[in-house]
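Below is one structure, written out as structure tokens, with a few remarks after it.
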Amino acid sequence: MMRRNFVVVMLVAAGLAGVAAQSPVFQVDPFWPKPLPNSWILGSVTGVAVDSRDRIWVVHRGQDSLNARTEASLASTPPGAEACCRAAPFVLEFDAAGTLVSHWGGPGEGYEWPVSPGGLTVDDRGNVWIAAAGPPDVVVAGRGGGEAPGARGGGGARGAGAAAGAAAGAGAGAAAAGGQGRRGGGPAAPPRPVDAHVLKFTRTGQFVLQIGKAGDTGDAASTTRLNEPADVAVDTAANEVYVADGGEPPRIAVFNATTGAYKRHWGGHATPFARLSCVALSRDGLVYVCDRKNNRLQVFRKDGTFVTEGRVSPATLGNGSVWDVAFSPDAAQQFVYVADGQDMKVFVLNRKTLATVSSFGSGGRWPGGFYGVGSIAVDAKGTIYTGETYEGKRVQRFMRK
Amino acid sequence: MTQTRTTLTIFVVMLAGLGVAERLLERQAAAQARDGMVQAPRFEVDPTYPKPLPNNWVLGQAIGVGVDAQDRVWIVHRPDTLAPGEAGQDQNPPISSCCAKAPPVLAFDQAGNLVAHWGGPGPGYDWPQSNHGIFVDHKDNVWIGGNVGTDRHVLKFTQDGRFIAQFGKPGPVLNSNDTENFGRVAKIFVDPRANEAYLADGYGNRRVVVIDADTGAFKRYWGAYGNKPDDTNAGPYNPDAPLIQQFRTPVHCAELSNDGLVYVCDRPNDRVQVFTKDGTFVKEVRVAPRTLGDGSTWDIAFSKDPQQKYLYLADGKNERVYIMDRASLEILSMFGDGGRQPGQFFAVHSIVTDSKGNIYTTETYEGRRLQRFVFRGVQMVPRHQGVVWPK
């Protein structure tokens, strides 16, 4: 049944293009990963990566993205429930069978844990890089308000007070609690400085390097400062880290991956980037940049020379269509997969032409449905892994048919 | 003679063998019991149910589930709880190619196909400010409650969405002794034999109300322990305080068993109270009594054997379904856990069984799903089954 849907989607896309496009076909695996232990649940997922051992890495927003009253009941004092739930640690490592094999993350000595993580990547030496991207991204907000059916938007509202709703209600007390829009437990903490850094850890979570400093936001010319960077990519051979930096205007900034020393930077081609959300390196040395709100993918050489661009779902408004990319695992990396958290789809692009050849997915909370699919990664077998932010709050995988 | 003796010997040996086998089985059962295994219905989640909705439709808070005589599954959800960013297609101008709000009432066949969709405001009736609960009665009519603001009424429709009746009128909720209107009804159950509707009343009131299912005429009502309802606010639930003599709001379900007992979800009080049809208190049970806030007793369904041996209780706070022995109200086993994957829950709000004994659940808040759990028979199962993926 699922397979038939994917085939239908593929044919429609081919029909639009006017040619019989070849595209990989995928089927969701509803039983990956295995249920988490310890009544752990995921908050809004902001990053997914696959390492050289085909381990799958996930970073999520944890307690800050969970509704303290209705969702993370074990986190309050006294606990609001007997059995469930609490936020899982921020960084989770799964094996291909879906078993949780390590977990770490959170504040520690010598570095600043993000207000909200962004993307993560694992370099070829096994280091785990995390962009510090907070405050979190904003879903286009819903109607607010207590117990009424008016909606709360998805997670991650930047100052929008869009708490996950209370509309199942629990009488007067619940109505009051539901409308306040506060997330996380405990007393209100003073606001934290905005994220302006990237972090490098070993695969066991030992801190290695921080580039930039929280609250110390730089302009687009800065050689030391960042501004809510959304994603990172590492060129292990050149020992360089590429940062999708959200400054004004946004830019790609490149640093030495060991020392953090500035190397170079560049901005959008022709027009400025509008909400940068990813950076990724292909095997043939090209830099792919998600220019999310411009609905485009721009491609550069490593020195920043513009090569080409592709538009994806160009009519999309709101938060835009190009959220994250991953490449097919064949030697030529023939396909680019684009996660589109606004249209709730994954687009399959021909990497050479950047033409859209097919897509899969739709809205919904069932397996294979998406809400805010904002992260994507591919393993050596070609299996796609996705992460959903806002109230999607899950990772899914799609097996190559 | 020799042959007879041989036969007798064989018979005795067989008997002894049976005895040994029986003792082995007993020992095994005892061992399993020691390991936390119990005899109870076993379920497996069906991740392919229902099929993807057409028209890029998505669900808001899924706030009720029912099953009709043809085993079609009816749900009611709240389209307006969808954020504009999620229902991007419905914005003006549209901001994305997905998604659009599904109509509030949806019916699915056993294969998971969408077979009916309707609902929302229309001439001749007041659609609730916040629809809540759905029930399909013995005449195939679909009942809906409402739980916010001026929702003081329940609605009855045909299965194709034609309006039949409205009992109660919108307005300010008065009190739990009002015999004109209700107070934000959470759920309806219609007794086919007496043609009476039992209303869990509700989010505003603290009572069970019984009305004539055709005329809506008030017949009787009662509060906790069969007391006259009293709307004095008892404050938040405290697990260590003496049990209060009234329901706390919301009174979230009122389900009638085949043997004429009414099971009431006194949700924030973490208890189920059982009554005869006339409101005489029979007994109660506390469930996960340290649960605060929304409480633990959200909705009830019964197993499909004629005796309704098992009671299934949805707990949207601890994110699980309890399997209880209906006679003793003892918790035998439970399944589910928090999360967004198949078989996990976020705010499992409503529960119902079909004629085959399968369970259907819906999730409110940001869970927003209908899930099916396929009945696999009564077996030895762990007390905590966790997430019930197919074996």
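By order of appearance in the structure tokens: chains A, B, ..., then residues from 1 within every chain, and ligands from 1 in the order shown.
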Pick out the residues sitting within 6 Å of Phe327 in chain A, and hand them over as a PyMOL selection string; count only C-alpha atoms, and ignore anything fewer than 3 positions along from it in its own chain. chain A and resi 333+335-336
Residues of chain B within 6 Å of chain A, only C-alpha atoms counted, as a PyMOL selection string: chain B and resi 58+80-85+95-99+130+203+249-250+291-292+294+318+339+365
Ser277 in chain A: which residues within 6 Å, counting only C-alpha atoms, same-chain residues fewer than 6 positions away excluded, as a list of chain:residue names?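 Close residues of Ser277 in chain A: A:Ala230, A:Cys290, A:Trp323.
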CA of Val45 in chain A to CA of Asp64 in chain A, straight-line distance in Å: 11.7 Å
Long-range neighbours of Pro306 in chain B as a PyMOL selection string, 9 Å cut-off, only C-alpha atoms, 3 positions minimum in chain: chain B and resi 258+303+309
Fewer than 6 positions away in the same chain doesn't count, so skip those; otherwise give me all residues within 6 Å of Gly218 in chain A, counting only C-alpha atoms, as a short mmCIF file (atom, residue, chain, number, x, y, z; two decimals) with N, CA and C atoms, in the first residue's frame.
```cif
data_model
loop_
_atom_site.label_atom_id
_atom_site.label_comp_id
_atom_site.auth_asym_id
_atom_site.auth_seq_id
_atom_site.Cartn_x
_atom_site.Cartn_y
_atom_site.Cartn_z
N ARG A 225 33.28 35.74 15.10
CA ARG A 225 31.95 35.63 15.71
C ARG A 225 30.94 35.04 14.73
N LEU A 226 29.96 34.38 15.31
CA LEU A 226 28.87 33.78 14.53
C LEU A 226 27.55 34.34 15.03
N ASN A 227 26.46 33.94 14.36
CA ASN A 227 25.16 34.47 14.73
C ASN A 227 24.09 33.42 14.43
#
```
Please return as an NGL selection string: the residues of range 195-337 of chain B that backbone DSSP assigns to strand (DSSP E or B). :B and (196-201 or 207-212 or 218-222 or 251-256 or 261-266 or 271-276 or 281-286 or 299-302 or 310-315 or 320-325 or 331-335)
Residue neighbourhood Gly119 in chain B, 8 Å, only C-alpha atoms, exclusion window fewer than 2 positions, as a list in words: Pro103, Pro104, Val105, His117, Pro121 and Gly161 of chain B
Produce a file of the selected residues containing C-alpha atoms, as a PDB file, in the first residue's frame.
```pdb
ATOM      1  CA  PRO B 103     -13.371  17.819   8.302  1.00  0.00           C
ATOM      2  CA  PRO B 104     -14.112  17.287  12.011  1.00  0.00           C
ATOM      3  CA  VAL B 105     -15.951  13.951  11.680  1.00  0.00           C
ATOM      4  CA  HIS B 117     -16.368  13.000   6.358  1.00  0.00           C
ATOM      5  CA  PRO B 121     -21.436  24.593  11.689  1.00  0.00           C
ATOM      6  CA  GLY B 161     -24.061  14.150   8.652  1.00  0.00           C
TER       7      GLY B 161
END
```
Would you mind writing down, as JSON, numbers by chain, each residue of range 181-277 of chain B that DSSP on the backbone assigns to helix (DSSP H, G or I)? {"B": [224, 225, 226, 267, 268, 269]}
